[in-house]
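Peer 1: This structure is in structure tokens; I'll ask about it shortly.
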Protein chains: 2
Amino acid sequence: MKNPDIDGLMGRYCNHLNKLLSIQINMSIYLTALLKCKAGEAAQVKPLLLDLVAASLKEEACLQYELYQDIENENQFIFHETWQDAAGLELHTQQPHYQQFGQQVGPLLEEAPVLHKTQRIG
Amino acid sequence: MKNPDIDGLMGRYCNHLNKLLSIQINMSIYLTALLKCKAGEAAQVKPLLLDLVAASLKEEACLQYELYQDIENENQFIFHETWQDAAGLELHTQQPHYQQFGQQVGPLLEEAPVLHKTQRIG
């Protein structure tokens with residue numbers, strides 16, 4: 001025996017649950033990446049970083065890709081990136097432009113880049 | 001002798017020059033601040049950080065004040081802030097809510113916060 005009221009209630013409950021799960025599963029990833037280049041290499045590194053910004057912004061899962069340079073230390077660069085989800089970020093690291101960037105910029109860096117995968121909480 | 005054409009031209013030139021100077025002088029400051037709290041203190045620190053976000057957003061020179069938490073290390077927090085200009089950021093550090101925050105959160109931190117004053121370049 002079917003009860004339309006209960007069926008309707010359960011339907012709405014399931015929709016709500018699916019939406020919550022979808023938000024969890026598809027949660028955006030906010031990446032803050034800090035790159036410090038060797039002294040004297042900032043002018044050489046900057047166009048490589050800008051090329052990476054342009055290529056990354058064309059990726060479907062890329063929602064934001066901004067580049068900043070420290071005012072007090074020209075060798076310090078910071079990316080603020082937003083990715084649709086963890087899978088999109090993973091795909092980014094497999095792109096030819098990302099791989100090529102790593103090879104080109106690697107020898108010009110003072111230390112390994114510091115990457116923070118984050119969630120926005122405020 | 002006044003020449004209305006030349007006066008008009010000079011007026012427009014001066015307005016343009018003032019605008020360019022104003023952009024230079026009032027250049028926005030983008031601050032990336034990294035705070036790492038002691039192990040086990042994240043839940044204690046989080047509301048203090050959120051209070052700072054709310055109070056800072058009320059400051060006139062504050063254009064953006066976002067808070068992120070590292071997915072892989074709950075003790076690592078990151079602020080992305082945009083300030084109208086250097087003077088506005090300086091004023092921020094003198095606010096009672098900023099000073100109080102420093103006193104409250106200081107003993108809960110693993111290490112001194114890392115602050116990067118930056119310009120957006122891409």
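Labels used: A, B, ... for chains in the order of the structure tokens, numbers from 1 for residues in each chain, and numbers from 1 for ligands as shown.
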Per DSSP on the backbone, filter segment 16-97 of chain A down to the residues in alpha helix (DSSP H) and report them as a PyMOL selection string.
Peer 2: chain A and resi 16-25+42-57+86-92+96-97
Peer 1: Could you give the RMSD, in Å, left over when chain B is least-squares superposed onto chain A across all Cα atoms paired sequentially?
Peer 2: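 The C-alpha RMSD comes out at 0.8 Å.
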Peer 1: Using only C-alpha atoms, which protein or nucleic acid residues come within 8 Å of Ala86 of chain A? Drop anything in the same chain fewer than 3 positions from it, and give the result as number ranges by chain.
Peer 2: A: 26-29, 83, 89-90
Peer 1: Kindly save the residues from that selection, with N, CA and C atoms included, as a PDB file, in the first residue's frame.
Peer 2:
ATOM      1  N   ASN A  26      31.374  17.383  -4.321  1.00  0.00           N
ATOM      2  CA  ASN A  26      31.863  18.336  -5.317  1.00  0.00           C
ATOM      3  C   ASN A  26      32.456  19.600  -4.686  1.00  0.00           C
ATOM      4  N   MET A  27      32.873  19.496  -3.440  1.00  0.00           N
ATOM      5  CA  MET A  27      33.339  20.676  -2.734  1.00  0.00           C
ATOM      6  C   MET A  27      34.554  21.308  -3.423  1.00  0.00           C
ATOM      7  N   SER A  28      34.499  22.617  -3.618  1.00  0.00           N
ATOM      8  CA  SER A  28      35.619  23.330  -4.234  1.00  0.00           C
ATOM      9  C   SER A  28      36.874  23.205  -3.375  1.00  0.00           C
ATOM     10  N   ILE A  29      38.011  23.155  -4.060  1.00  0.00           N
ATOM     11  CA  ILE A  29      39.301  23.135  -3.377  1.00  0.00           C
ATOM     12  C   ILE A  29      39.979  24.479  -3.623  1.00  0.00           C
ATOM     13  N   TRP A  83      39.576  25.394  -7.440  1.00  0.00           N
ATOM     14  CA  TRP A  83      39.277  24.268  -8.324  1.00  0.00           C
ATOM     15  C   TRP A  83      37.902  23.721  -7.983  1.00  0.00           C
ATOM     16  N   LEU A  89      41.510  19.350  -9.649  1.00  0.00           N
ATOM     17  CA  LEU A  89      42.871  19.741  -9.252  1.00  0.00           C
ATOM     18  C   LEU A  89      43.868  18.651  -9.628  1.00  0.00           C
ATOM     19  N   GLU A  90      43.466  17.398  -9.429  1.00  0.00           N
ATOM     20  CA  GLU A  90      44.320  16.261  -9.779  1.00  0.00           C
ATOM     21  C   GLU A  90      44.611  16.273 -11.284  1.00  0.00           C
TER      22      GLU A  90
END
Peer 1: Fewer than 4 positions away in the same chain doesn't count, so skip those; otherwise give me all residues within 7 Å of segment 101-113 of chain A, counting only C-alpha atoms, as a PyMOL selection string.
Peer 2: chain A and resi 33-38+41+45+48+52+97
Peer 1: Up to 7 Å from chain B, what residues of chain A turn up? Count only C-alpha atoms and give them as a PDB file with N, CA and C atoms, in the first residue's frame.
Peer 2:
ATOM      1  N   LEU A  50      53.119  33.510 -15.405  1.00  0.00           N
ATOM      2  CA  LEU A  50      51.991  34.122 -16.129  1.00  0.00           C
ATOM      3  C   LEU A  50      51.464  33.184 -17.221  1.00  0.00           C
ATOM      4  N   GLU A  66      44.886  33.153  -9.589  1.00  0.00           N
ATOM      5  CA  GLU A  66      45.447  34.503  -9.458  1.00  0.00           C
ATOM      6  C   GLU A  66      46.897  34.420  -8.981  1.00  0.00           C
ATOM      7  N   LEU A  67      47.690  35.388  -9.443  1.00  0.00           N
ATOM      8  CA  LEU A  67      49.122  35.391  -9.117  1.00  0.00           C
ATOM      9  C   LEU A  67      49.497  36.688  -8.406  1.00  0.00           C
ATOM     10  N   TYR A  68      50.250  36.539  -7.326  1.00  0.00           N
ATOM     11  CA  TYR A  68      50.671  37.685  -6.519  1.00  0.00           C
ATOM     12  C   TYR A  68      52.185  37.648  -6.313  1.00  0.00           C
ATOM     13  N   GLN A  69      52.778  38.838  -6.176  1.00  0.00           N
ATOM     14  CA  GLN A  69      54.224  38.930  -5.908  1.00  0.00           C
ATOM     15  C   GLN A  69      54.427  39.744  -4.637  1.00  0.00           C
ATOM     16  N   ASP A  70      55.289  39.236  -3.761  1.00  0.00           N
ATOM     17  CA  ASP A  70      55.539  39.898  -2.470  1.00  0.00           C
ATOM     18  C   ASP A  70      56.185  41.263  -2.712  1.00  0.00           C
ATOM     19  N   ILE A  71      55.641  42.297  -2.089  1.00  0.00           N
ATOM     20  CA  ILE A  71      56.163  43.659  -2.264  1.00  0.00           C
ATOM     21  C   ILE A  71      57.541  43.785  -1.622  1.00  0.00           C
ATOM     22  N   HIS A 116      49.156  24.447  -0.141  1.00  0.00           N
ATOM     23  CA  HIS A 116      48.130  24.221   0.883  1.00  0.00           C
ATOM     24  C   HIS A 116      46.791  24.010   0.195  1.00  0.00           C
ATOM     25  N   LYS A 117      46.277  22.798   0.251  1.00  0.00           N
ATOM     26  CA  LYS A 117      44.916  22.539  -0.214  1.00  0.00           C
ATOM     27  C   LYS A 117      43.979  22.912   0.925  1.00  0.00           C
ATOM     28  N   THR A 118      43.044  23.804   0.668  1.00  0.00           N
ATOM     29  CA  THR A 118      42.213  24.292   1.770  1.00  0.00           C
ATOM     30  C   THR A 118      40.730  24.296   1.430  1.00  0.00           C
ATOM     31  N   GLN A 119      39.941  24.489   2.484  1.00  0.00           N
ATOM     32  CA  GLN A 119      38.514  24.779   2.354  1.00  0.00           C
ATOM     33  C   GLN A 119      38.289  26.181   2.900  1.00  0.00           C
ATOM     34  N   ARG A 120      37.349  26.893   2.296  1.00  0.00           N
ATOM     35  CA  ARG A 120      37.025  28.210   2.830  1.00  0.00           C
ATOM     36  C   ARG A 120      36.087  28.049   4.019  1.00  0.00           C
ATOM     37  N   ILE A 121      36.447  28.697   5.145  1.00  0.00           N
ATOM     38  CA  ILE A 121      35.627  28.561   6.358  1.00  0.00           C
ATOM     39  C   ILE A 121      35.109  29.911   6.856  1.00  0.00           C
ATOM     40  N   GLY A 122      35.510  30.992   6.203  1.00  0.00           N
ATOM     41  CA  GLY A 122      35.034  32.300   6.650  1.00  0.00           C
ATOM     42  C   GLY A 122      35.277  33.361   5.608  1.00  0.00           C
TER      43      GLY A 122
END
Peer 1: Write out as a PyMOL selection string all residues of chain B that backbone DSSP assigns to strand (DSSP E).
Peer 2: chain B and resi 29-36+62-70+76-83+114-120
Peer 1: With N, CA and C atoms retained, could you export that selection as an mmCIF file, in the first residue's frame?
Peer 2:
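Writing done, so here's part.cif:
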data_model
loop_
_atom_site.group_PDB
_atom_site.id
_atom_site.type_symbol
_atom_site.label_atom_id
_atom_site.label_comp_id
_atom_site.auth_asym_id
_atom_site.auth_seq_id
_atom_site.Cartn_x
_atom_site.Cartn_y
_atom_site.Cartn_z
ATOM 1 N N ILE B 29 46.590 46.557 -1.440
ATOM 2 C CA ILE B 29 47.557 45.615 -0.879
ATOM 3 C C ILE B 29 46.841 44.292 -0.670
ATOM 4 N N TYR B 30 47.396 43.229 -1.202
ATOM 5 C CA TYR B 30 46.843 41.886 -1.024
ATOM 6 C C TYR B 30 47.713 41.169 0.005
ATOM 7 N N LEU B 31 47.109 40.795 1.108
ATOM 8 C CA LEU B 31 47.875 40.147 2.184
ATOM 9 C C LEU B 31 47.516 38.670 2.259
ATOM 10 N N THR B 32 48.533 37.837 2.219
ATOM 11 C CA THR B 32 48.338 36.413 2.497
ATOM 12 C C THR B 32 49.000 36.147 3.839
ATOM 13 N N ALA B 33 48.208 35.704 4.817
ATOM 14 C CA ALA B 33 48.720 35.473 6.172
ATOM 15 C C ALA B 33 48.555 34.000 6.528
ATOM 16 N N LEU B 34 49.649 33.371 6.936
ATOM 17 C CA LEU B 34 49.617 31.946 7.295
ATOM 18 C C LEU B 34 49.786 31.809 8.802
ATOM 19 N N LEU B 35 48.822 31.154 9.442
ATOM 20 C CA LEU B 35 48.883 30.926 10.892
ATOM 21 C C LEU B 35 48.802 29.436 11.183
ATOM 22 N N LYS B 36 49.760 28.919 11.926
ATOM 23 C CA LYS B 36 49.709 27.510 12.315
ATOM 24 C C LYS B 36 49.558 27.436 13.839
ATOM 25 N N CYS B 62 38.952 47.800 4.290
ATOM 26 C CA CYS B 62 38.993 46.347 4.055
ATOM 27 C C CYS B 62 38.093 45.989 2.869
ATOM 28 N N LEU B 63 38.705 45.492 1.793
ATOM 29 C CA LEU B 63 37.939 45.142 0.590
ATOM 30 C C LEU B 63 37.629 43.646 0.530
ATOM 31 N N GLN B 64 38.392 42.834 1.247
ATOM 32 C CA GLN B 64 38.196 41.368 1.237
ATOM 33 C C GLN B 64 38.921 40.793 2.450
ATOM 34 N N TYR B 65 38.296 39.810 3.101
ATOM 35 C CA TYR B 65 38.939 39.180 4.269
ATOM 36 C C TYR B 65 38.397 37.755 4.343
ATOM 37 N N GLU B 66 39.108 36.828 3.748
ATOM 38 C CA GLU B 66 38.622 35.443 3.662
ATOM 39 C C GLU B 66 39.520 34.518 4.479
ATOM 40 N N LEU B 67 38.900 33.482 5.021
ATOM 41 C CA LEU B 67 39.628 32.558 5.896
ATOM 42 C C LEU B 67 39.540 31.134 5.348
ATOM 43 N N TYR B 68 40.672 30.472 5.292
ATOM 44 C CA TYR B 68 40.764 29.106 4.777
ATOM 45 C C TYR B 68 41.464 28.209 5.789
ATOM 46 N N GLN B 69 41.092 26.905 5.755
ATOM 47 C CA GLN B 69 41.726 25.924 6.646
ATOM 48 C C GLN B 69 42.271 24.795 5.798
ATOM 49 N N ASP B 70 43.513 24.407 6.050
ATOM 50 C CA ASP B 70 44.168 23.350 5.277
ATOM 51 C C ASP B 70 43.429 22.028 5.475
ATOM 52 N N GLN B 76 46.521 24.408 10.267
ATOM 53 C CA GLN B 76 47.038 25.446 9.369
ATOM 54 C C GLN B 76 45.888 26.290 8.824
ATOM 55 N N PHE B 77 45.932 27.592 9.103
ATOM 56 C CA PHE B 77 44.910 28.527 8.613
ATOM 57 C C PHE B 77 45.565 29.568 7.700
ATOM 58 N N ILE B 78 44.790 30.041 6.727
ATOM 59 C CA ILE B 78 45.319 31.043 5.790
ATOM 60 C C ILE B 78 44.271 32.142 5.579
ATOM 61 N N PHE B 79 44.700 33.386 5.711
ATOM 62 C CA PHE B 79 43.848 34.530 5.368
ATOM 63 C C PHE B 79 44.229 35.063 3.997
ATOM 64 N N HIS B 80 43.220 35.376 3.182
ATOM 65 C CA HIS B 80 43.420 36.152 1.951
ATOM 66 C C HIS B 80 42.725 37.494 2.171
ATOM 67 N N GLU B 81 43.502 38.533 2.257
ATOM 68 C CA GLU B 81 42.940 39.846 2.564
ATOM 69 C C GLU B 81 43.254 40.844 1.446
ATOM 70 N N THR B 82 42.336 41.758 1.192
ATOM 71 C CA THR B 82 42.625 42.869 0.279
ATOM 72 C C THR B 82 42.344 44.172 1.002
ATOM 73 N N TRP B 83 43.338 45.055 1.001
ATOM 74 C CA TRP B 83 43.232 46.357 1.664
ATOM 75 C C TRP B 83 43.324 47.463 0.622
ATOM 76 N N VAL B 114 53.133 34.029 9.415
ATOM 77 C CA VAL B 114 53.915 34.477 8.258
ATOM 78 C C VAL B 114 53.015 35.383 7.426
ATOM 79 N N LEU B 115 53.439 36.636 7.230
ATOM 80 C CA LEU B 115 52.625 37.609 6.490
ATOM 81 C C LEU B 115 53.330 37.983 5.191
ATOM 82 N N HIS B 116 52.601 37.909 4.091
ATOM 83 C CA HIS B 116 53.138 38.353 2.802
ATOM 84 C C HIS B 116 52.282 39.498 2.287
ATOM 85 N N LYS B 117 52.849 40.704 2.246
ATOM 86 C CA LYS B 117 52.177 41.830 1.589
ATOM 87 C C LYS B 117 52.496 41.726 0.106
ATOM 88 N N THR B 118 51.464 41.666 -0.714
ATOM 89 C CA THR B 118 51.714 41.427 -2.136
ATOM 90 C C THR B 118 50.955 42.391 -3.034
ATOM 91 N N GLN B 119 51.358 42.365 -4.319
ATOM 92 C CA GLN B 119 50.587 43.005 -5.390
ATOM 93 C C GLN B 119 50.114 41.902 -6.314
ATOM 94 N N ARG B 120 48.927 42.109 -6.882
ATOM 95 C CA ARG B 120 48.456 41.133 -7.861
ATOM 96 C C ARG B 120 49.118 41.414 -9.209
#
Peer 1: May I ask for the distance between atom CA of Ala55 of chain A and atom CA of Ala39 of chain A, given in Å to one decimal place?
Peer 2: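 Spanning atom CA of Ala55 of chain A to atom CA of Ala39 of chain A is a straight-line distance of 26.1 Å.
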Peer 1: Give me, as a list in words, all polymer residues having an atom no more than 12 Å from Glu60 of chain A, counting only C-alpha atoms and skipping those fewer than 6 positions away in the same chain.
Peer 2: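 The contact residues come out as Thr82, Trp83, Gln84, Asp85, Ala87, Gly88, Leu89, Leu91, His92 and Gln95 of chain A.
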Peer 1: Take the residues from that selection and write them out as a short mmCIF file (atom, residue, chain, number, x, y, z; two decimals), in the first residue's frame, keeping N, CA and C atoms.
Peer 2:
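Once written, result_9.cif looks like this:
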data_model
loop_
_atom_site.label_atom_id
_atom_site.label_comp_id
_atom_site.auth_asym_id
_atom_site.auth_seq_id
_atom_site.Cartn_x
_atom_site.Cartn_y
_atom_site.Cartn_z
N THR A 82 41.26 28.39 -7.25
CA THR A 82 40.04 27.68 -6.84
C THR A 82 39.74 26.63 -7.90
N TRP A 83 39.58 25.39 -7.44
CA TRP A 83 39.28 24.27 -8.32
C TRP A 83 37.90 23.72 -7.98
N GLN A 84 37.18 23.34 -9.02
CA GLN A 84 35.80 22.86 -8.87
C GLN A 84 35.72 21.73 -7.86
N ASP A 85 36.69 20.83 -7.89
CA ASP A 85 36.72 19.70 -6.95
C ASP A 85 38.12 19.09 -6.96
N ALA A 87 39.08 16.23 -8.00
CA ALA A 87 39.39 15.56 -9.27
C ALA A 87 39.93 16.56 -10.29
N GLY A 88 39.33 17.76 -10.31
CA GLY A 88 39.77 18.81 -11.23
C GLY A 88 41.19 19.26 -10.93
N LEU A 89 41.51 19.35 -9.65
CA LEU A 89 42.87 19.74 -9.25
C LEU A 89 43.87 18.65 -9.63
N LEU A 91 43.56 16.54 -12.08
CA LEU A 91 43.69 16.60 -13.53
C LEU A 91 44.65 17.73 -13.94
N HIS A 92 44.59 18.84 -13.21
CA HIS A 92 45.48 19.99 -13.47
C HIS A 92 46.94 19.57 -13.42
N GLN A 95 48.31 17.94 -16.56
CA GLN A 95 48.29 18.66 -17.84
C GLN A 95 49.71 18.90 -18.35
#
